[in-house]
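Asks: Below is the file entry39.tsv, with TSV, C-alpha atoms.
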chain	number	residue	atom	x	y	z
M	1	MET	CA	113.96	112.97	129.17
M	2	LYS	CA	115.57	112.64	132.58
M	3	VAL	CA	113.77	111.04	135.52
M	4	SER	CA	114.54	114.02	137.75
M	5	ASP	CA	112.76	116.32	135.28
M	6	LEU	CA	109.73	114.02	135.16
M	7	ARG	CA	109.49	113.72	138.95
M	8	GLY	CA	109.11	117.50	139.19
M	9	LEU	CA	105.92	117.41	137.12
M	10	SER	CA	102.40	117.03	138.49
M	11	SER	CA	100.34	113.92	137.80
M	12	GLU	CA	98.27	115.75	135.20
M	13	GLU	CA	101.39	116.99	133.42
M	14	LEU	CA	102.79	113.44	133.43
M	15	LYS	CA	99.63	112.15	131.75
M	16	GLN	CA	99.94	114.87	129.12
M	17	LYS	CA	103.59	113.93	128.55
M	18	GLU	CA	102.58	110.30	128.13
M	19	LYS	CA	100.00	111.25	125.50
M	20	ALA	CA	102.56	113.37	123.68
M	21	PHE	CA	105.11	110.53	123.68
M	22	LYS	CA	102.51	108.05	122.42
M	23	LYS	CA	101.52	110.41	119.61
M	24	GLU	CA	105.17	110.84	118.65
M	25	LEU	CA	105.62	107.06	118.64
M	26	PHE	CA	102.52	106.70	116.45
M	27	ASP	CA	103.88	109.28	114.01
M	28	LEU	CA	107.25	107.51	113.90
M	29	ASN	CA	105.56	104.20	113.19
M	30	TYR	CA	103.68	105.86	110.33
M	31	GLU	CA	106.95	107.20	108.94
M	32	ARG	CA	108.48	103.71	109.27
M	33	LYS	CA	105.69	102.27	107.15
M	34	MET	CA	106.32	104.96	104.56
M	35	GLY	CA	110.02	104.09	104.60
M	36	ARG	CA	111.56	107.38	105.68
M	37	VAL	CA	112.59	107.32	109.33
M	38	GLU	CA	115.55	109.61	109.92
M	39	LYS	CA	116.43	108.46	113.45
M	40	PRO	CA	115.45	104.86	114.12
M	41	SER	CA	117.00	105.08	117.59
M	42	ARG	CA	114.22	107.48	118.54
M	43	PHE	CA	111.79	104.52	118.81
M	44	ARG	CA	113.72	103.08	121.71
M	45	ALA	CA	114.09	106.44	123.44
M	46	ILE	CA	110.37	107.21	123.23
M	47	LYS	CA	109.39	103.78	124.51
M	48	ARG	CA	111.71	104.23	127.47
M	49	ASP	CA	110.32	107.70	128.18
M	50	ILE	CA	106.79	106.27	128.19
M	51	ALA	CA	107.92	103.56	130.61
M	52	ARG	CA	109.54	106.17	132.87
M	53	VAL	CA	106.34	108.23	132.97
M	54	ASN	CA	104.23	105.15	133.72
M	55	THR	CA	106.61	104.11	136.49
M	56	ILE	CA	106.42	107.49	138.19
M	57	ILE	CA	102.62	107.55	137.93
M	58	ARG	CA	102.43	104.05	139.43
M	59	GLU	CA	104.84	104.96	142.25
M	60	ARG	CA	102.62	107.91	143.16
M	61	GLU	CA	99.51	105.70	143.16
M	62	ILE	CA	101.17	103.21	145.50
M	63	GLN	CA	102.42	105.99	147.75
M	64	ASN	CA	98.93	107.51	147.97
M	65	LYS	CA	97.43	104.12	148.89
M	66	GLN	CA	100.00	103.60	151.63
M	67	VAL	CA	99.42	107.05	153.10
M	68	GLY	CA	95.65	106.49	152.98
M	69	SER	CA	95.87	103.08	154.69
M	70	PHE	CA	97.78	104.46	157.69
M	71	GLY	CA	94.95	106.83	158.57
M	72	LYS	CA	92.27	104.09	158.50
M	73	THR	CA	93.70	101.82	161.21
Spell out the structure here as structure tokens.
Replies:
Amino acid sequence: MKVSDLRGLSSEELKQKEKAFKKELFDLNYERKMGRVEKPSRFRAIKRDIARVNTIIREREIQNKQVGSFGKT
């Protein structure tokens, strides 16, 4: 998934996306143990999507802290 698409989502939607990606990764790991993964490259793509979502969530947290700290001085 593209970063520009993810940035357009709300924080709640990002958390839902993260859960969906983690479930998909769990299912793929289960299929790997059973020995029938069709697209092994999907592991890497999902892990990167999870990292992208976490990065955007963290950026928003930092941005909110900075905005909040300017009003307190």
Asks: In Å to one decimal, how far is atom CA of Phe70 of chain M from atom CA of Val3 of chain M?
Replies: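 It comes out at 28.1 Å.
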Asks: Using all atoms listed in the file, which of M:Ile57, M:Phe43, M:Ile62, M:Tyr30 sits nearest Ser11 of chain M?
Replies: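 Selected residue with least distance to Ser11 of chain M: M:Ile57.
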Asks: Kindly give the distance, in Å, that separates atom CA of Leu9 of chain M and atom CA of Pro40 of chain M, rounded to a single decimal.
Replies: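 Atom CA of Leu9 of chain M sits 27.9 Å away from atom CA of Pro40 of chain M.
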Asks: For the atom pair atom CA of Leu14 of chain M and atom CA of Met1 of chain M, what is the interatomic distance in Å to one decimal place?
Replies: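 Result for atom CA of Leu14 of chain M versus atom CA of Met1 of chain M: 12.0 Å, one decimal.
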Asks: Restricting the calculation to all atoms listed in the file, which member of M:Ser41, M:Ser69, M:Gln16, M:Asn29 is positioned closest to Asn54 of chain M?
Replies: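 Counting all atoms listed in the file, the residue closest to Asn54 of chain M is M:Gln16.
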Asks: Nearest residue to Val53 of chain M out of M:Ser4, M:Glu38, M:Glu12, M:Lys17, using all atoms listed in the file?
Replies: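 Of all the options, M:Lys17 lies closest to Val53 of chain M.
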Asks: Quick one: everything within 8 Å of Ile46 of chain M, counting only C-alpha atoms, minus sequence neighbours fewer than 6 positions away in the same chain. Send it as a PyMOL selection string.
Replies: chain M and resi 21-22+24-25
Asks: Please determine, counting only C-alpha atoms, which residue among M:Glu61, M:Thr55, M:Ser10, M:Arg42 has the shortest atom-to-atom distance to Phe26 of chain M.
Replies: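 Nearest candidate to Phe26 of chain M out of M:Glu61, M:Thr55, M:Ser10, M:Arg42: M:Arg42.
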Asks: Take chain M from the preceding structure and save C-alpha atoms as a compact mmCIF listing (two decimals), in the first residue's frame.
Replies:
# COMPACT_ATOMS: atom_id res chain seq x y z
CA MET M 1 0.00 0.00 0.00
CA LYS M 2 1.29 3.46 -0.83
CA VAL M 3 2.26 5.95 1.86
CA SER M 4 0.09 8.65 0.29
CA ASP M 5 -2.96 6.39 0.62
CA LEU M 6 -2.15 5.66 4.26
CA ARG M 7 -1.62 9.33 5.15
CA GLY M 8 -5.17 10.08 4.01
CA LEU M 9 -6.62 7.73 6.64
CA SER M 10 -7.61 8.70 10.16
CA SER M 11 -5.72 7.38 13.17
CA GLU M 12 -8.49 4.90 13.94
CA GLU M 13 -8.47 3.61 10.37
CA LEU M 14 -4.68 3.23 10.53
CA LYS M 15 -4.98 1.10 13.66
CA GLN M 16 -7.57 -1.07 11.91
CA LYS M 17 -5.25 -1.43 8.91
CA GLU M 18 -2.42 -2.46 11.21
CA LYS M 19 -4.60 -5.15 12.79
CA ALA M 20 -5.62 -6.40 9.36
CA PHE M 21 -1.99 -6.58 8.19
CA LYS M 22 -0.95 -8.42 11.36
CA LYS M 23 -3.77 -10.94 10.91
CA GLU M 24 -2.73 -11.48 7.29
CA LEU M 25 0.88 -12.00 8.40
CA PHE M 26 -0.29 -14.49 11.04
CA ASP M 27 -2.28 -16.40 8.42
CA LEU M 28 0.70 -16.45 6.07
CA ASN M 29 2.93 -17.79 8.83
CA TYR M 30 0.38 -20.54 9.44
CA GLU M 31 0.40 -21.41 5.75
CA ARG M 32 4.22 -21.45 5.82
CA LYS M 33 4.17 -24.01 8.61
CA MET M 34 1.74 -26.11 6.58
CA GLY M 35 4.08 -25.85 3.60
CA ARG M 36 1.84 -24.18 1.04
CA VAL M 37 2.67 -20.49 0.65
CA GLU M 38 1.89 -19.30 -2.86
CA LYS M 39 3.62 -15.91 -2.68
CA PRO M 40 6.54 -15.86 -0.25
CA SER M 41 7.31 -12.27 -1.24
CA ARG M 42 4.07 -11.24 0.44
CA PHE M 43 5.76 -11.63 3.87
CA ARG M 44 8.14 -8.80 3.11
CA ALA M 45 5.42 -6.58 1.68
CA ILE M 46 3.15 -7.02 4.70
CA LYS M 47 5.96 -6.35 7.16
CA ARG M 48 6.80 -3.15 5.30
CA ASP M 49 3.15 -2.08 5.27
CA ILE M 50 2.98 -2.60 9.04
CA ALA M 51 6.13 -0.50 9.45
CA ARG M 52 4.65 2.26 7.26
CA VAL M 53 1.47 2.36 9.34
CA ASN M 54 3.44 2.45 12.60
CA THR M 55 5.64 5.25 11.26
CA ILE M 56 2.66 7.40 10.32
CA ILE M 57 1.00 6.79 13.70
CA ARG M 58 4.23 7.75 15.49
CA GLU M 59 4.67 10.88 13.35
CA ARG M 60 1.17 12.00 14.30
CA GLU M 61 1.87 11.39 18.00
CA ILE M 62 5.03 13.49 17.84
CA GLN M 63 3.25 16.23 15.91
CA ASN M 64 0.44 16.34 18.50
CA LYS M 65 2.97 16.62 21.35
CA GLN M 66 4.77 19.48 19.62
CA VAL M 67 1.55 21.37 18.98
CA GLY M 68 0.47 20.83 22.59
CA SER M 69 3.80 22.04 24.00
CA PHE M 70 3.63 25.37 22.15
CA GLY M 71 0.40 26.32 23.89
CA LYS M 72 1.75 25.61 27.41
CA THR M 73 4.65 28.08 27.41
